[in-house]
file data-v4.txt (compact mmCIF, C-alpha atoms)
# COMPACT_ATOMS: atom_id res chain seq x y z
CA MET M 1 -191.61 -39.26 -128.56
CA THR M 2 -190.56 -42.36 -126.68
CA VAL M 3 -189.43 -41.92 -123.12
CA THR M 4 -186.81 -44.42 -122.02
CA SER M 5 -186.69 -45.15 -118.34
CA ILE M 6 -183.27 -45.73 -116.83
CA ALA M 7 -183.11 -48.24 -114.06
CA PRO M 8 -181.12 -47.09 -111.03
CA ALA M 9 -177.70 -48.63 -110.82
CA ARG M 10 -177.29 -51.31 -108.25
CA PRO M 11 -174.82 -50.53 -105.50
CA THR M 12 -171.60 -52.47 -105.77
CA THR M 13 -171.27 -55.11 -103.09
CA TYR M 14 -167.92 -56.35 -101.85
CA LYS M 15 -167.45 -59.72 -100.26
CA VAL M 16 -165.31 -59.79 -97.12
CA THR M 17 -162.44 -62.19 -97.74
CA GLY M 18 -159.30 -63.00 -95.82
CA VAL M 19 -157.13 -61.41 -98.52
CA ARG M 20 -159.10 -58.15 -98.39
CA VAL M 21 -158.92 -58.02 -94.62
CA LEU M 22 -155.18 -58.64 -94.84
CA ARG M 23 -154.77 -55.82 -97.34
CA SER M 24 -156.77 -53.51 -95.12
CA GLU M 25 -154.61 -54.26 -92.08
CA TRP M 26 -151.46 -53.90 -94.17
CA ALA M 27 -152.53 -50.43 -95.34
CA LYS M 28 -153.61 -49.49 -91.83
CA PHE M 29 -150.29 -50.62 -90.36
CA TRP M 30 -148.09 -48.63 -92.74
CA SER M 31 -150.30 -45.54 -92.59
CA LEU M 32 -149.54 -45.11 -88.88
CA ARG M 33 -146.49 -43.01 -88.04
CA SER M 34 -146.02 -45.01 -84.84
CA SER M 35 -145.38 -48.15 -86.92
CA TRP M 36 -142.44 -46.60 -88.74
CA ILE M 37 -141.00 -45.02 -85.61
CA THR M 38 -141.29 -48.12 -83.41
CA LEU M 39 -139.83 -50.41 -86.06
CA ALA M 40 -136.92 -48.03 -86.55
CA VAL M 41 -136.34 -47.83 -82.79
CA ALA M 42 -136.38 -51.63 -82.43
CA VAL M 43 -133.84 -52.19 -85.20
CA PHE M 44 -131.71 -49.25 -84.02
CA LEU M 45 -131.54 -50.62 -80.46
CA LEU M 46 -130.71 -54.09 -81.74
CA VAL M 47 -127.82 -52.81 -83.86
CA LEU M 48 -126.59 -50.17 -81.40
CA PHE M 49 -126.32 -52.33 -78.29
CA GLY M 50 -124.90 -55.28 -80.22
CA THR M 51 -122.19 -53.14 -81.79
CA ILE M 52 -121.30 -51.40 -78.53
CA ALA M 53 -121.12 -54.71 -76.64
CA SER M 54 -118.73 -56.13 -79.23
CA TYR M 55 -116.39 -53.14 -79.19
CA THR M 56 -116.36 -52.88 -75.38
CA TYR M 57 -115.92 -56.61 -74.76
CA SER M 58 -113.45 -57.72 -72.14
CA PRO M 59 -112.76 -61.36 -71.19
CA GLY M 60 -114.88 -62.56 -68.31
CA ALA M 61 -117.87 -60.32 -69.08
CA THR M 62 -121.31 -61.86 -69.55
CA PRO M 63 -123.80 -60.80 -72.22
CA GLY M 64 -126.96 -58.94 -71.33
CA GLY M 65 -130.31 -60.66 -71.10
CA PRO M 66 -133.46 -60.98 -69.05
CA PRO M 67 -133.07 -61.02 -65.27
CA GLY M 68 -132.42 -64.40 -63.72
CA ARG M 69 -129.84 -66.53 -62.03
CA SER M 70 -128.15 -68.11 -64.98
CA GLY M 71 -125.54 -66.49 -67.13
CA GLY M 72 -123.36 -67.81 -69.89
CA ASP M 73 -119.93 -67.29 -71.36
CA SER M 74 -119.73 -64.49 -73.89
CA ASP M 75 -119.37 -65.28 -77.57
CA ALA M 76 -119.52 -63.12 -80.68
CA VAL M 77 -123.18 -63.97 -81.28
CA SER M 78 -124.37 -63.30 -77.73
CA LEU M 79 -122.59 -59.93 -77.82
CA ALA M 80 -124.15 -59.04 -81.18
CA LEU M 81 -127.57 -59.95 -79.78
CA THR M 82 -127.23 -57.96 -76.55
CA GLY M 83 -129.90 -55.57 -77.82
CA VAL M 84 -132.53 -58.28 -78.29
CA THR M 85 -134.01 -57.59 -74.85
CA PHE M 86 -134.54 -53.92 -75.68
CA ALA M 87 -135.72 -54.63 -79.23
CA SER M 88 -138.25 -57.15 -77.88
CA LEU M 89 -139.90 -54.42 -75.82
CA ALA M 90 -140.16 -52.16 -78.87
CA MET M 91 -141.57 -54.95 -81.04
CA GLY M 92 -144.03 -55.98 -78.35
CA VAL M 93 -145.19 -52.38 -77.89
CA LEU M 94 -145.66 -52.12 -81.65
CA GLY M 95 -147.94 -55.15 -81.57
CA VAL M 96 -149.92 -53.69 -78.68
CA LEU M 97 -150.38 -50.36 -80.47
CA LEU M 98 -151.55 -52.12 -83.61
CA SER M 99 -154.36 -53.89 -81.75
CA ALA M 100 -155.19 -52.06 -78.51
CA GLY M 101 -154.70 -48.71 -80.23
CA GLU M 102 -157.95 -49.28 -82.12
CA TYR M 103 -159.82 -49.72 -78.86
CA SER M 104 -158.37 -46.45 -77.54
CA THR M 105 -159.47 -44.48 -80.59
CA GLY M 106 -162.79 -46.29 -81.08
CA MET M 107 -161.81 -47.36 -84.59
CA ILE M 108 -162.37 -50.97 -83.62
CA ARG M 109 -166.12 -50.42 -84.05
CA SER M 110 -165.68 -49.49 -87.70
CA THR M 111 -163.25 -52.36 -88.23
CA LEU M 112 -165.61 -54.97 -86.82
CA ALA M 113 -168.60 -53.44 -88.62
CA ALA M 114 -166.72 -54.03 -91.86
CA VAL M 115 -165.63 -57.54 -90.78
CA PRO M 116 -168.55 -58.95 -88.77
CA ARG M 117 -166.90 -62.36 -88.28
CA ARG M 118 -164.20 -60.59 -86.21
CA LEU M 119 -161.58 -63.34 -86.10
CA PRO M 120 -160.12 -62.50 -89.55
CA VAL M 121 -159.15 -59.12 -88.10
CA LEU M 122 -157.03 -60.74 -85.39
CA TRP M 123 -155.40 -63.20 -87.80
CA ALA M 124 -154.69 -60.42 -90.30
CA LYS M 125 -153.03 -58.20 -87.69
CA ALA M 126 -150.81 -61.07 -86.61
CA ALA M 127 -150.04 -62.01 -90.22
CA VAL M 128 -149.01 -58.45 -91.03
CA ILE M 129 -146.78 -57.64 -88.08
CA GLY M 130 -145.16 -61.05 -87.61
CA PRO M 131 -143.34 -61.31 -90.96
CA VAL M 132 -142.43 -57.60 -90.96
CA ALA M 133 -140.87 -57.86 -87.51
CA LEU M 134 -139.14 -61.12 -88.41
CA VAL M 135 -137.50 -59.78 -91.59
CA LEU M 136 -136.39 -56.44 -90.13
CA SER M 137 -135.15 -58.04 -86.90
CA THR M 138 -133.14 -60.63 -88.80
CA LEU M 139 -131.55 -57.90 -90.89
CA GLY M 140 -130.83 -55.95 -87.70
CA ALA M 141 -129.21 -59.00 -86.08
CA LEU M 142 -127.04 -59.56 -89.15
CA ALA M 143 -126.05 -55.88 -89.14
CA ALA M 144 -125.18 -55.97 -85.43
CA PHE M 145 -123.01 -59.05 -85.97
CA GLY M 146 -121.33 -57.61 -89.05
CA LEU M 147 -120.62 -54.21 -87.47
CA GLY M 148 -119.41 -55.74 -84.22
CA SER M 149 -117.11 -58.38 -85.72
CA PRO M 150 -114.18 -55.97 -86.36
CA GLY M 151 -114.22 -55.07 -82.67
CA LEU M 152 -113.50 -58.70 -81.78
CA ASP M 153 -110.56 -59.23 -84.14
CA GLY M 154 -107.90 -61.27 -82.39
CA GLU M 155 -110.23 -62.29 -79.54
CA ARG M 156 -110.77 -65.94 -78.73
CA ILE M 157 -114.54 -65.58 -79.10
CA SER M 158 -114.41 -64.07 -82.58
CA LEU M 159 -116.65 -65.83 -85.11
CA SER M 160 -117.69 -65.50 -88.74
CA LEU M 161 -121.04 -66.06 -90.45
CA GLY M 162 -119.76 -69.38 -91.80
CA ASP M 163 -119.13 -70.88 -88.36
CA ASP M 164 -121.50 -73.53 -87.05
CA GLY M 165 -124.71 -72.17 -85.60
CA VAL M 166 -124.06 -68.48 -86.25
CA LEU M 167 -126.64 -67.95 -88.99
CA ARG M 168 -129.11 -70.14 -87.09
CA SER M 169 -128.74 -67.97 -83.98
CA LEU M 170 -129.10 -64.69 -85.86
CA ALA M 171 -132.17 -65.99 -87.70
CA GLY M 172 -133.51 -67.28 -84.38
CA ALA M 173 -133.30 -63.78 -82.93
CA GLY M 174 -135.40 -62.50 -85.81
CA LEU M 175 -137.92 -65.30 -85.33
CA TYR M 176 -138.15 -64.60 -81.61
CA LEU M 177 -138.76 -60.88 -82.15
CA GLY M 178 -141.37 -61.65 -84.79
CA LEU M 179 -143.23 -63.83 -82.29
CA VAL M 180 -142.91 -61.10 -79.63
CA ALA M 181 -144.67 -58.69 -81.99
CA VAL M 182 -147.52 -61.19 -82.46
CA PHE M 183 -147.58 -61.66 -78.68
CA GLY M 184 -148.09 -57.91 -78.34
CA VAL M 185 -151.02 -58.03 -80.77
CA ALA M 186 -152.63 -60.83 -78.76
CA LEU M 187 -152.16 -59.00 -75.45
CA GLY M 188 -153.66 -55.85 -76.95
CA VAL M 189 -156.80 -57.63 -78.12
CA LEU M 190 -157.06 -59.63 -74.90
CA LEU M 191 -156.76 -56.65 -72.54
CA ARG M 192 -158.11 -53.92 -74.85
CA ASN M 193 -156.01 -51.29 -73.13
CA SER M 194 -152.64 -50.07 -74.38
CA ALA M 195 -151.17 -49.22 -70.98
CA GLY M 196 -152.33 -52.48 -69.42
CA ALA M 197 -151.08 -54.58 -72.32
CA ILE M 198 -147.67 -52.88 -72.35
CA ALA M 199 -147.34 -53.31 -68.59
CA SER M 200 -148.23 -56.99 -68.94
CA LEU M 201 -145.69 -57.39 -71.74
CA VAL M 202 -142.91 -55.88 -69.62
CA GLY M 203 -143.93 -57.95 -66.62
CA ILE M 204 -143.97 -61.22 -68.52
CA LEU M 205 -140.76 -60.73 -70.47
CA LEU M 206 -138.62 -58.89 -67.92
CA ILE M 207 -140.01 -58.88 -64.40
CA LEU M 208 -141.26 -62.47 -64.16
CA PRO M 209 -137.77 -64.09 -64.46
CA GLY M 210 -136.43 -61.76 -61.77
CA LEU M 211 -139.27 -62.51 -59.38
CA ALA M 212 -138.96 -66.23 -60.03
CA SER M 213 -135.32 -66.11 -58.93
CA LEU M 214 -136.69 -65.69 -55.40
CA LEU M 215 -138.14 -69.19 -55.52
CA PRO M 216 -136.30 -72.18 -54.01
CA ASP M 217 -133.54 -73.47 -56.25
CA SER M 218 -135.32 -76.70 -57.11
CA TRP M 219 -138.48 -74.85 -58.19
CA TYR M 220 -136.59 -72.23 -60.15
CA ASP M 221 -134.46 -74.77 -62.01
CA THR M 222 -137.59 -76.68 -63.00
CA LEU M 223 -139.75 -73.73 -64.05
CA SER M 224 -137.35 -71.13 -65.44
CA PRO M 225 -136.65 -72.82 -68.83
CA TYR M 226 -140.37 -72.55 -69.62
CA PHE M 227 -140.78 -68.83 -68.92
CA PRO M 228 -141.51 -66.96 -72.18
CA SER M 229 -138.33 -64.87 -72.20
CA THR M 230 -136.11 -67.78 -71.12
CA ALA M 231 -137.56 -70.06 -73.80
CA GLY M 232 -137.12 -67.23 -76.29
CA GLN M 233 -133.47 -66.87 -75.32
CA ALA M 234 -132.95 -70.55 -76.12
CA VAL M 235 -134.18 -69.94 -79.68
CA TYR M 236 -131.24 -67.68 -80.52
CA ALA M 237 -128.55 -68.93 -78.13
CA LEU M 238 -125.44 -70.21 -79.88
CA HIS M 239 -124.62 -72.67 -77.10
CA GLN M 240 -127.03 -74.43 -74.74
CA SER M 241 -126.25 -75.34 -71.14
CA SER M 242 -127.66 -78.28 -69.24
CA ASP M 243 -130.38 -76.17 -67.59
CA THR M 244 -131.74 -74.59 -70.79
CA LEU M 245 -133.92 -75.83 -73.62
CA SER M 246 -132.69 -76.64 -77.09
CA PRO M 247 -133.47 -74.08 -79.83
CA GLY M 248 -136.29 -76.22 -81.18
CA ALA M 249 -137.81 -76.83 -77.75
CA GLY M 250 -137.45 -73.17 -76.83
CA LEU M 251 -139.23 -72.16 -80.02
CA ALA M 252 -142.04 -74.63 -79.33
CA VAL M 253 -142.50 -73.36 -75.77
CA PHE M 254 -142.49 -69.68 -76.69
CA ALA M 255 -144.75 -70.28 -79.69
CA GLY M 256 -147.06 -72.12 -77.30
CA TRP M 257 -147.25 -69.05 -75.05
CA VAL M 258 -148.05 -66.89 -78.06
CA ALA M 259 -150.68 -69.34 -79.34
CA LEU M 260 -152.30 -69.54 -75.89
CA THR M 261 -152.52 -65.75 -75.67
CA LEU M 262 -153.92 -65.57 -79.21
CA ALA M 263 -156.56 -68.14 -78.26
CA GLY M 264 -157.59 -66.04 -75.27
CA ALA M 265 -157.69 -62.92 -77.45
CA ALA M 266 -159.80 -64.72 -80.07
CA TYR M 267 -162.26 -65.93 -77.44
CA ARG M 268 -162.74 -62.48 -75.98
CA LEU M 269 -162.98 -60.85 -79.41
CA VAL M 270 -165.79 -63.17 -80.42
CA ARG M 271 -167.63 -63.47 -77.13
CA THR M 272 -167.63 -59.93 -75.75
CA ASP M 273 -168.85 -56.62 -77.10
CA VAL M 274 -166.47 -53.84 -78.06

call {"tool": "encode", "arguments": {"input": "data-v4.txt", "output": "structure tokens"}}
result
Amino acid sequence: MTVTSIAPARPTTYKVTGVRVLRSEWAKFWSLRSSWITLAVAVFLLVLFGTIASYTYSPGATPGGPPGRSGGDSDAVSLALTGVTFASLAMGVLGVLLSAGEYSTGMIRSTLAAVPRRLPVLWAKAAVIGPVALVLSTLGALAAFGLGSPGLDGERISLSLGDDGVLRSLAGAGLYLGLVAVFGVALGVLLRNSAGAIASLVGILLILPGLASLLPDSWYDTLSPYFPSTAGQAVYALHQSSDTLSPGAGLAVFAGWVALTLAGAAYRLVRTDV
């Protein structure tokens, strides 16, 4: 009788690729209940405050926005986007939870053991949350404008989607909120602490413009257009004043802040232990 020896099967090896890391982060993002809840809260706040502002509009009122000295005349778009400030906090917190949350639970060790090169993890997190936040925020901005428009019937500031700059402003709001979500991811990886990253996010987007208003007028007028939240406002503003950046310049400045924070996060991720 002939005995046939069976060679042991070789274990299957999987190569770590950018696409596989992206799929992993995508699955991880949607498996978290906090992702669904925070996204829903951000869109809800965007639609709710925009609709309320449109229906409660009275001539002479100014739209909401980050603290500072400058204000602008109300228009249908600025009223519809009143909730952007609140939605930006929710989107930023979502980004922080996606990144710093792994440090809080210790899951980051397993993640980096599976992806030893580390940087693909950061890029994948940003690539997942950025487009999701952009698309949902743009839809929320369109919904806020559409729901609020009937409340402005007969008003001088009433606009339609076909008017010059309206679609650009609403899409700009979505782009800004998408970048805020990526900014939150970068802060989370840079600081590795959820509470610290959220506090920094609030300080940079909301408190910094208010504190800067205490500076001398000449300093404030020079610096304020380049603050992250002020530059972000320029991205989705329908009309620009002489002391604000153009939409393109505002986008470049805010994207620069996000890129700088991502660079700091990448450096710390690669150079320091978890």

call {"tool": "atom_distance", "arguments": {"input": "data-v4.txt", "atom1": "atom CA of M:Trp36", "atom2": "atom CA of M:Ala199"}}
result
21.8 Å

call {"tool": "residues_near_point", "arguments": {"input": "data-v4.txt", "point": "(-142.8, -74.1, -74.6)", "cutoff": "10 Å", "atoms": "all atoms listed in the file", "output": "list in words"}}
result
Pro225, Tyr226, Phe227, Pro228, Thr230, Ala231, Gly232, Leu245, Gly248, Ala249, Gly250, Leu251, Ala252, Val253, Phe254, Ala255, Gly256, Trp257 and Val258 of chain M

call {"tool": "residues_around", "arguments": {"input": "data-v4.txt", "residues": "M:Ser194", "least_positions_apart": "4", "cutoff": "10 Å", "atoms": "only C-alpha atoms", "output": "VMD selection string"}}
result
chain M and resid 93 95 to 104 184 187 to 189 198 to 200

call {"tool": "closest_residue", "arguments": {"input": "data-v4.txt", "among": "M:Leu205, M:Leu147, M:Met91, M:Leu167", "to": "M:Leu48", "atoms": "only C-alpha atoms"}}
result
M:Leu147

call {"tool": "atom_distance", "arguments": {"input": "data-v4.txt", "atom1": "atom CA of M:Ala197", "atom2": "atom CA of M:Leu94"}}
result
11.1 Å

call {"tool": "residues_around", "arguments": {"input": "data-v4.txt", "residues": "M:Ala173", "least_positions_apart": "6", "cutoff": "9 Å", "atoms": "only C-alpha atoms", "output": "ChimeraX atom specification"}}
result
/M:81,84,134,137-138,141,232-233,235-237

call {"tool": "closest_residue", "arguments": {"input": "data-v4.txt", "among": "M:Leu175, M:Leu152, M:Ala27, M:Leu211", "to": "M:Ile52", "atoms": "all atoms listed in the file"}}
result
M:Leu152

call {"tool": "atom_distance", "arguments": {"input": "data-v4.txt", "atom1": "atom CA of M:Leu269", "atom2": "atom CA of M:Phe29"}}
result
19.6 Å

call {"tool": "closest_residue", "arguments": {"input": "data-v4.txt", "among": "M:Val121, M:Val115, M:Ala80, M:Leu206", "to": "M:Pro150", "atoms": "only C-alpha atoms"}}
result
M:Ala80

call {"tool": "closest_residue", "arguments": {"input": "data-v4.txt", "among": "M:Thr38, M:Ala266, M:Trp219, M:Asp75", "to": "M:Ser160", "atoms": "all atoms listed in the file"}}
result
M:Asp75

call {"tool": "closest_residue", "arguments": {"input": "data-v4.txt", "among": "M:Val19, M:Val270, M:Val47, M:Leu32", "to": "M:Gly148", "atoms": "only C-alpha atoms"}}
result
M:Val47

call {"tool": "axis_aligned_box", "arguments": {"input": "data-v4.txt", "around": "stretch 169-185 of chain M", "padding_each_side": "5 Å", "output": "JSON"}}
result
{"center_x": -139.9, "center_y": -62.9, "center_z": -83.0, "size_x": 32.3, "size_y": 20.1, "size_z": 19.4}

call {"tool": "closest_residue", "arguments": {"input": "data-v4.txt", "among": "M:Val135, M:Leu45, M:Ala114, M:Leu89", "to": "M:Thr17", "atoms": "all atoms listed in the file"}}
result
M:Ala114

call {"tool": "residues_around", "arguments": {"input": "data-v4.txt", "residues": "M:Leu136", "least_positions_apart": "6", "cutoff": "10 Å", "atoms": "only C-alpha atoms", "output": "list in words"}}
result
Leu39, Ala40, Ala42, Val43, Leu142, Gly174, Leu177 and Gly178 of chain M
